[in-house]
Amino acid sequence: MFCSKGRKPSLRTICVALTAVFLLTFATLSLNPSRYRLGGNLIYLALITERVPIIPKFLSTHIDPSAPPFVFGDVIDVPRLSRAIGIHLLQWHEVKDPESQVIDDLGCWSVWETVQQHKEIPEPRRSPSLNLLKLDISWTRTPAWVELTSPSKQDNHASFWSLASLGFPEARSSSLQLSPTNDPSPHHQVSLPPDDHVLCFDFLYYVSAHHTWERELDYSPAWRFVGQHMRWTARMERIADTHARRAMNVPVTEPTPPYVSIHIRHGDFREQCEGVPVDQCFASLSVIARRVSEVQDEFRTRKGIEATHVVMTSDENDPEWWADVRALGWTWVDYAAEQTEEIYGKWYLVFIDAIIQSNGAGFVGTRGSTMSTLASRRV
């Protein structure tokens, strides 16, 4: 059985082919936690179209590709989120048996093909999740008017309400009369129009209401109406808290103290240095320490609380850099010593980092990193 057609014919749904995550989707989940962003966009689009979102599993592209897909509801408290935003949420394993070998045909809209018009041969955004879900998709390019910015500007963003309109009969009908580009499905080679029951898109990461990259702005609707209501599951909170407490050497009999969390992203951000030496491109630890001190001073002034503990999270691999972090009196979770991957799996290192970041009394992050943006909003 695909989707919910045979079970609840009146149920209207919306889905998206999630590539990667964590993700959380916000993404994807308002979760890389950049895909946490993608999931937030999906759910917000479901809100404004009055549909039920179908949330797929997180796929591993930002961590070890061998890590198996991870269920959204195992890291985000879905029942709580559903109550908070007032709509039902479905996950793919509730819609189609994960063990099913039936390949379902489906017509969907390609946003990516439209916003990539500056490319010589724009194509739909491919996702390995389609193979996992056994879906054979026939893609139809969305109209050019879904783009958020002028077609003359090379940008990947689409508009929430332009996409939402395709979920209603008049806009859908008129758009299909424009003779849009339709790609036959790869497996069965069938050409299908976008399904009118299951509204689906290939990629919703670059979607905004008014301004590109508005996830960093206070009015961001995907954050206000979805993202801020997402909470980690109680189990994930307990695991992360246990790791943080051991990192800070907190006695068993004492509560977890307030701390400042830091997220420093170096790895793939080295590409943005464009030839500038890394030690000149990235903020030095002395600069980061000054920001940490400012956060501690503000917390002391506003709350009267001393947040003396500082927990670092980073993808930096240089041992000397970490030694300098230790010299500042800061700490971090030693996942190798904790044997976190061996006990819980590869995903948990990313999730625990994200939870520790968001649970800080104060936060210092990396500008331009979705993970930092989301953590700063949750602190």
# chains A, B, ... in the order shown; residues from 1 in each chain; ligands from 1
call {"tool": "select_by_dssp", "arguments": {"residues": "segment 79-311 of chain A", "states": "strand (DSSP E)", "output": "NGL selection string"}}
result
:A and (90-91 or 104-110 or 135-141 or 158-159 or 182-183 or 198-201 or 207-208 or 259-264 or 309-311)
call {"tool": "write_last_selection", "arguments": {"atoms": "N, CA and C atoms", "output": "CSV table (one decimal), in the first residue's frame"}}
result
chain,number,residue,atom,x,y,z
A,90,LEU,N,2.5,12.3,9.8
A,90,LEU,CA,2.8,10.9,9.5
A,90,LEU,C,4.2,10.7,9.2
A,91,GLN,N,4.7,9.5,9.4
A,91,GLN,CA,6.1,9.2,9.0
A,91,GLN,C,6.0,8.0,8.0
A,104,ASP,N,6.0,1.8,-6.3
A,104,ASP,CA,4.8,2.6,-6.6
A,104,ASP,C,5.1,3.7,-7.6
A,105,ASP,N,4.2,3.9,-8.6
A,105,ASP,CA,4.4,5.0,-9.5
A,105,ASP,C,3.7,6.3,-8.9
A,106,LEU,N,4.4,7.4,-9.1
A,106,LEU,CA,3.8,8.6,-8.5
A,106,LEU,C,4.3,9.8,-9.3
A,107,GLY,N,3.4,10.8,-9.5
A,107,GLY,CA,3.8,12.0,-10.2
A,107,GLY,C,4.0,13.1,-9.2
A,108,CYS,N,5.1,13.8,-9.3
A,108,CYS,CA,5.5,14.9,-8.4
A,108,CYS,C,6.0,16.1,-9.1
A,109,TRP,N,6.1,17.2,-8.4
A,109,TRP,CA,6.6,18.5,-8.9
A,109,TRP,C,8.1,18.5,-8.6
A,110,SER,N,8.9,19.0,-9.6
A,110,SER,CA,10.3,19.3,-9.4
A,110,SER,C,10.5,20.8,-9.2
A,135,LEU,N,9.8,4.0,-4.7
A,135,LEU,CA,9.0,5.0,-5.5
A,135,LEU,C,9.6,5.2,-6.8
A,136,ASP,N,8.8,5.2,-7.8
A,136,ASP,CA,9.2,5.4,-9.2
A,136,ASP,C,8.5,6.8,-9.6
A,137,ILE,N,9.3,7.9,-9.6
A,137,ILE,CA,8.7,9.2,-9.7
A,137,ILE,C,8.8,9.7,-11.1
A,138,SER,N,7.7,10.3,-11.6
A,138,SER,CA,7.6,11.0,-12.8
A,138,SER,C,7.6,12.5,-12.5
A,139,TRP,N,8.7,13.2,-12.8
A,139,TRP,CA,8.8,14.6,-12.3
A,139,TRP,C,8.2,15.6,-13.4
A,140,THR,N,7.5,16.6,-12.9
A,140,THR,CA,7.0,17.7,-13.7
A,140,THR,C,7.6,19.0,-13.2
A,141,ARG,N,8.2,19.7,-14.0
A,141,ARG,CA,8.8,21.0,-13.6
A,141,ARG,C,7.8,22.0,-13.1
A,158,ALA,N,12.7,29.1,-3.8
A,158,ALA,CA,11.3,29.2,-4.2
A,158,ALA,C,10.5,29.8,-3.1
A,159,SER,N,9.3,30.1,-3.5
A,159,SER,CA,8.3,30.8,-2.6
A,159,SER,C,7.4,29.8,-2.0
A,182,ASN,N,8.0,17.2,-18.5
A,182,ASN,CA,7.6,16.1,-17.7
A,182,ASN,C,8.7,15.0,-18.0
A,183,ASP,N,9.3,14.4,-16.9
A,183,ASP,CA,10.3,13.4,-17.1
A,183,ASP,C,9.6,12.0,-16.8
A,198,VAL,N,-1.5,13.2,-3.3
A,198,VAL,CA,-0.3,13.3,-2.6
A,198,VAL,C,0.5,14.5,-3.3
A,199,LEU,N,0.6,15.6,-2.7
A,199,LEU,CA,1.3,16.7,-3.2
A,199,LEU,C,2.8,16.5,-2.8
A,200,CYS,N,3.7,16.3,-3.8
A,200,CYS,CA,5.0,16.0,-3.5
A,200,CYS,C,6.0,16.8,-4.3
A,201,PHE,N,7.1,17.2,-3.7
A,201,PHE,CA,8.2,18.0,-4.3
A,201,PHE,C,9.5,17.3,-4.1
A,207,VAL,N,13.5,27.2,0.4
A,207,VAL,CA,12.2,27.8,0.3
A,207,VAL,C,12.0,28.9,1.4
A,208,SER,N,11.5,30.0,1.0
A,208,SER,CA,11.3,31.1,1.9
A,208,SER,C,10.0,31.8,1.6
A,259,TYR,N,25.6,26.0,31.3
A,259,TYR,CA,26.9,26.0,30.6
A,259,TYR,C,26.7,26.8,29.3
A,260,VAL,N,27.8,27.3,28.8
A,260,VAL,CA,27.8,27.9,27.5
A,260,VAL,C,28.2,26.9,26.4
A,261,SER,N,27.4,26.7,25.4
A,261,SER,CA,27.8,25.7,24.3
A,261,SER,C,28.4,26.5,23.1
A,262,ILE,N,29.3,25.8,22.5
A,262,ILE,CA,29.9,26.4,21.3
A,262,ILE,C,29.8,25.4,20.1
A,263,HIS,N,29.6,26.0,18.9
A,263,HIS,CA,29.6,25.2,17.7
A,263,HIS,C,30.6,25.9,16.7
A,264,ILE,N,31.7,25.3,16.4
A,264,ILE,CA,32.7,25.8,15.5
A,264,ILE,C,32.7,24.9,14.3
A,309,HIS,N,30.9,26.7,33.1
A,309,HIS,CA,31.3,25.6,32.2
A,309,HIS,C,31.1,26.0,30.8
A,310,VAL,N,32.0,25.5,29.9
A,310,VAL,CA,31.9,25.8,28.5
A,310,VAL,C,32.2,24.5,27.8
A,311,VAL,N,31.2,24.1,26.9
A,311,VAL,CA,31.3,22.8,26.2
A,311,VAL,C,31.5,23.1,24.7
call {"tool": "residues_around", "arguments": {"residues": "Ser174 of chain A", "least_positions_apart": "6", "cutoff": "12 Å", "atoms": "only C-alpha atoms", "output": "count of residues only"}}
result
7
call {"tool": "closest_residue", "arguments": {"among": "A:Glu342, A:Leu285, A:Ser369, A:Leu148", "to": "Trp322 of chain A", "atoms": "only C-alpha atoms"}}
result
A:Leu285
call {"tool": "atom_distance", "arguments": {"atom1": "atom CA of Gly227 of chain A", "atom2": "atom CA of Ser129 of chain A"}}
result
22.8 Å
call {"tool": "select_by_dssp", "arguments": {"residues": "segment 281-314 of chain A", "states": "helix (DSSP H, G or I)", "output": "short mmCIF file (atom, residue, chain, number, x, y, z; two decimals) with C-alpha atoms, in the first residue's frame"}}
result
data_model
loop_
_atom_site.label_atom_id
_atom_site.label_comp_id
_atom_site.auth_asym_id
_atom_site.auth_seq_id
_atom_site.Cartn_x
_atom_site.Cartn_y
_atom_site.Cartn_z
CA CYS A 281 40.06 32.88 7.55
CA LEU A 285 40.14 30.77 19.74
CA SER A 286 40.96 34.09 21.42
CA VAL A 287 38.12 35.73 19.48
CA ILE A 288 35.77 32.89 20.35
CA ALA A 289 36.81 33.17 24.00
CA ARG A 290 35.91 36.87 23.96
CA ARG A 291 32.44 36.03 22.65
CA VAL A 292 32.03 33.34 25.31
CA SER A 293 32.98 35.88 27.98
CA GLU A 294 30.38 38.31 26.62
CA VAL A 295 27.70 35.62 26.79
CA GLN A 296 28.69 34.75 30.35
CA ASP A 297 28.60 38.42 31.38
CA GLU A 298 25.14 38.87 29.86
CA PHE A 299 23.83 35.74 31.58
CA ARG A 300 25.27 36.94 34.89
CA THR A 301 23.73 40.40 34.50
CA ARG A 302 20.31 39.29 33.31
CA LYS A 303 19.83 36.09 35.32
#
call {"tool": "residues_around", "arguments": {"residues": "Val278 of chain A", "least_positions_apart": "5", "cutoff": "12 Å", "atoms": "only C-alpha atoms", "output": "PyMOL selection string"}}
result
chain A and resi 266-273+283-284+316
call {"tool": "write_last_selection", "arguments": {"atoms": "N, CA and C atoms", "output": "CSV table (one decimal), in the first residue's frame"}}
result
chain,number,residue,atom,x,y,z
A,266,HIS,N,34.4,24.0,10.9
A,266,HIS,CA,35.6,24.2,10.0
A,266,HIS,C,35.5,23.4,8.8
A,267,GLY,N,35.4,22.1,8.9
A,267,GLY,CA,35.4,21.1,7.8
A,267,GLY,C,35.1,21.6,6.4
A,268,ASP,N,33.9,21.6,6.0
A,268,ASP,CA,33.5,22.0,4.6
A,268,ASP,C,33.6,23.5,4.5
A,269,PHE,N,33.6,24.3,5.6
A,269,PHE,CA,33.7,25.7,5.5
A,269,PHE,C,35.1,26.2,5.0
A,270,ARG,N,36.1,25.3,5.0
A,270,ARG,CA,37.4,25.7,4.5
A,270,ARG,C,37.3,26.1,3.0
A,271,GLU,N,36.3,25.6,2.3
A,271,GLU,CA,36.1,25.9,0.9
A,271,GLU,C,35.8,27.4,0.7
A,272,GLN,N,35.2,28.0,1.7
A,272,GLN,CA,34.8,29.4,1.6
A,272,GLN,C,35.9,30.3,1.9
A,273,CYS,N,37.1,29.8,2.3
A,273,CYS,CA,38.2,30.6,2.5
A,273,CYS,C,38.9,31.1,1.2
A,283,ALA,N,37.8,32.4,12.7
A,283,ALA,CA,37.9,33.1,14.0
A,283,ALA,C,38.9,32.3,14.9
A,284,SER,N,39.8,33.0,15.5
A,284,SER,CA,40.8,32.4,16.4
A,284,SER,C,40.1,32.0,17.7
A,316,GLU,N,36.5,20.1,13.8
A,316,GLU,CA,37.9,20.3,13.7
A,316,GLU,C,38.7,19.0,14.1
call {"tool": "atom_distance", "arguments": {"atom1": "atom CA of Leu178 of chain A", "atom2": "atom CA of Ala209 of chain A"}}
result
24.5 Å
call {"tool": "residues_around", "arguments": {"residues": "Thr149 of chain A", "least_positions_apart": "4", "cutoff": "9 Å", "atoms": "only C-alpha atoms", "output": "list in words"}}
result
Lys153, Gln154, Asp155, Asn156, His157, Ala158, Ser159, His211 and Thr212 of chain A
call {"tool": "closest_residue", "arguments": {"among": "A:Leu374, A:Ile43, A:Cys15, A:Leu328", "to": "Asp195 of chain A", "atoms": "only C-alpha atoms"}}
result
A:Cys15
call {"tool": "closest_residue", "arguments": {"among": "A:Leu130, A:Glu214, A:Arg231, A:Gly329", "to": "Gly368 of chain A", "atoms": "only C-alpha atoms"}}
result
A:Glu214
call {"tool": "residues_around", "arguments": {"residues": "Glu338 of chain A", "least_positions_apart": "6", "cutoff": "12 Å", "atoms": "only C-alpha atoms", "output": "list in words"}}
result
Ile239, Ala240, Thr242, His243, Ala244, Arg246, Ala247, Trp332, Tyr344, Tyr348 and Leu349 of chain A
call {"tool": "write_last_selection", "arguments": {"atoms": "all heavy atoms", "output": "compact mmCIF listing (two decimals), in the first residue's frame"}}
result
# COMPACT_ATOMS: atom_id res chain seq x y z
N ILE A 239 20.24 10.80 27.03
CA ILE A 239 21.54 10.36 26.52
C ILE A 239 22.49 11.54 26.39
O ILE A 239 23.66 11.48 26.80
CB ILE A 239 21.37 9.65 25.16
CG1 ILE A 239 20.60 8.34 25.34
CG2 ILE A 239 22.72 9.40 24.51
CD1 ILE A 239 20.23 7.66 24.04
N ALA A 240 22.00 12.65 25.83
CA ALA A 240 22.84 13.84 25.65
C ALA A 240 23.25 14.43 27.00
O ALA A 240 24.40 14.84 27.19
CB ALA A 240 22.11 14.88 24.82
N THR A 242 23.58 12.87 29.83
CA THR A 242 24.57 11.99 30.44
C THR A 242 25.97 12.28 29.88
O THR A 242 26.95 12.37 30.62
CB THR A 242 24.21 10.51 30.20
OG1 THR A 242 22.95 10.23 30.81
CG2 THR A 242 25.27 9.58 30.77
N HIS A 243 26.05 12.45 28.56
CA HIS A 243 27.34 12.75 27.93
C HIS A 243 27.86 14.12 28.38
O HIS A 243 29.05 14.28 28.66
CB HIS A 243 27.20 12.72 26.41
CG HIS A 243 27.21 11.34 25.83
ND1 HIS A 243 26.16 10.47 25.96
CD2 HIS A 243 28.16 10.69 25.09
CE1 HIS A 243 26.45 9.34 25.33
NE2 HIS A 243 27.66 9.45 24.79
N ALA A 244 26.98 15.11 28.43
CA ALA A 244 27.41 16.46 28.82
C ALA A 244 27.89 16.48 30.27
O ALA A 244 28.89 17.12 30.60
CB ALA A 244 26.25 17.45 28.63
N ARG A 246 29.18 14.04 32.02
CA ARG A 246 30.49 13.40 32.16
C ARG A 246 31.60 14.29 31.60
O ARG A 246 32.71 14.34 32.14
CB ARG A 246 30.48 12.04 31.47
CG ARG A 246 29.82 10.95 32.32
CD ARG A 246 30.27 9.56 31.90
NE ARG A 246 29.65 9.14 30.66
CZ ARG A 246 28.59 8.34 30.57
NH1 ARG A 246 28.00 7.91 31.67
NH2 ARG A 246 28.11 7.98 29.41
N ALA A 247 31.29 15.01 30.53
CA ALA A 247 32.28 15.92 29.96
C ALA A 247 32.64 17.03 30.95
O ALA A 247 33.79 17.48 31.01
CB ALA A 247 31.75 16.53 28.66
N TRP A 332 34.76 19.06 26.15
CA TRP A 332 33.95 18.53 25.04
C TRP A 332 33.67 17.07 25.33
O TRP A 332 34.27 16.46 26.21
CB TRP A 332 34.69 18.69 23.71
CG TRP A 332 35.99 17.95 23.62
CD1 TRP A 332 36.19 16.66 23.23
CD2 TRP A 332 37.29 18.47 23.96
NE1 TRP A 332 37.52 16.33 23.29
CE2 TRP A 332 38.22 17.42 23.72
CE3 TRP A 332 37.76 19.70 24.42
CZ2 TRP A 332 39.59 17.58 23.94
CZ3 TRP A 332 39.12 19.85 24.64
CH2 TRP A 332 40.02 18.81 24.39
N TYR A 344 25.49 3.20 20.59
CA TYR A 344 24.24 3.74 20.05
C TYR A 344 24.17 3.78 18.52
O TYR A 344 23.09 3.71 17.95
CB TYR A 344 24.02 5.17 20.57
CG TYR A 344 23.88 5.26 22.07
CD1 TYR A 344 24.92 5.76 22.85
CD2 TYR A 344 22.72 4.84 22.71
CE1 TYR A 344 24.80 5.84 24.22
CE2 TYR A 344 22.58 4.92 24.09
CZ TYR A 344 23.63 5.43 24.84
OH TYR A 344 23.51 5.51 26.21
N TYR A 348 24.26 9.13 16.54
CA TYR A 348 24.13 9.75 17.86
C TYR A 348 25.19 10.81 18.14
O TYR A 348 24.96 11.72 18.93
CB TYR A 348 24.14 8.67 18.95
CG TYR A 348 22.81 7.97 19.07
CD1 TYR A 348 22.41 7.03 18.13
CD2 TYR A 348 21.92 8.30 20.09
CE1 TYR A 348 21.18 6.40 18.22
CE2 TYR A 348 20.69 7.67 20.20
CZ TYR A 348 20.31 6.73 19.24
OH TYR A 348 19.09 6.12 19.32
N LEU A 349 26.33 10.72 17.50
CA LEU A 349 27.35 11.75 17.71
C LEU A 349 26.83 13.11 17.24
O LEU A 349 27.04 14.13 17.90
CB LEU A 349 28.64 11.39 16.96
CG LEU A 349 29.54 10.33 17.58
CD1 LEU A 349 28.88 8.96 17.62
CD2 LEU A 349 30.86 10.24 16.80
call {"tool": "atom_distance", "arguments": {"atom1": "atom CA of Leu176 of chain A", "atom2": "atom CA of Val52 of chain A"}}
result
23.3 Å
call {"tool": "closest_residue", "arguments": {"among": "A:Val115, A:Met248, A:Leu42, A:Leu133", "to": "Ile55 of chain A", "atoms": "only C-alpha atoms"}}
result
A:Leu42
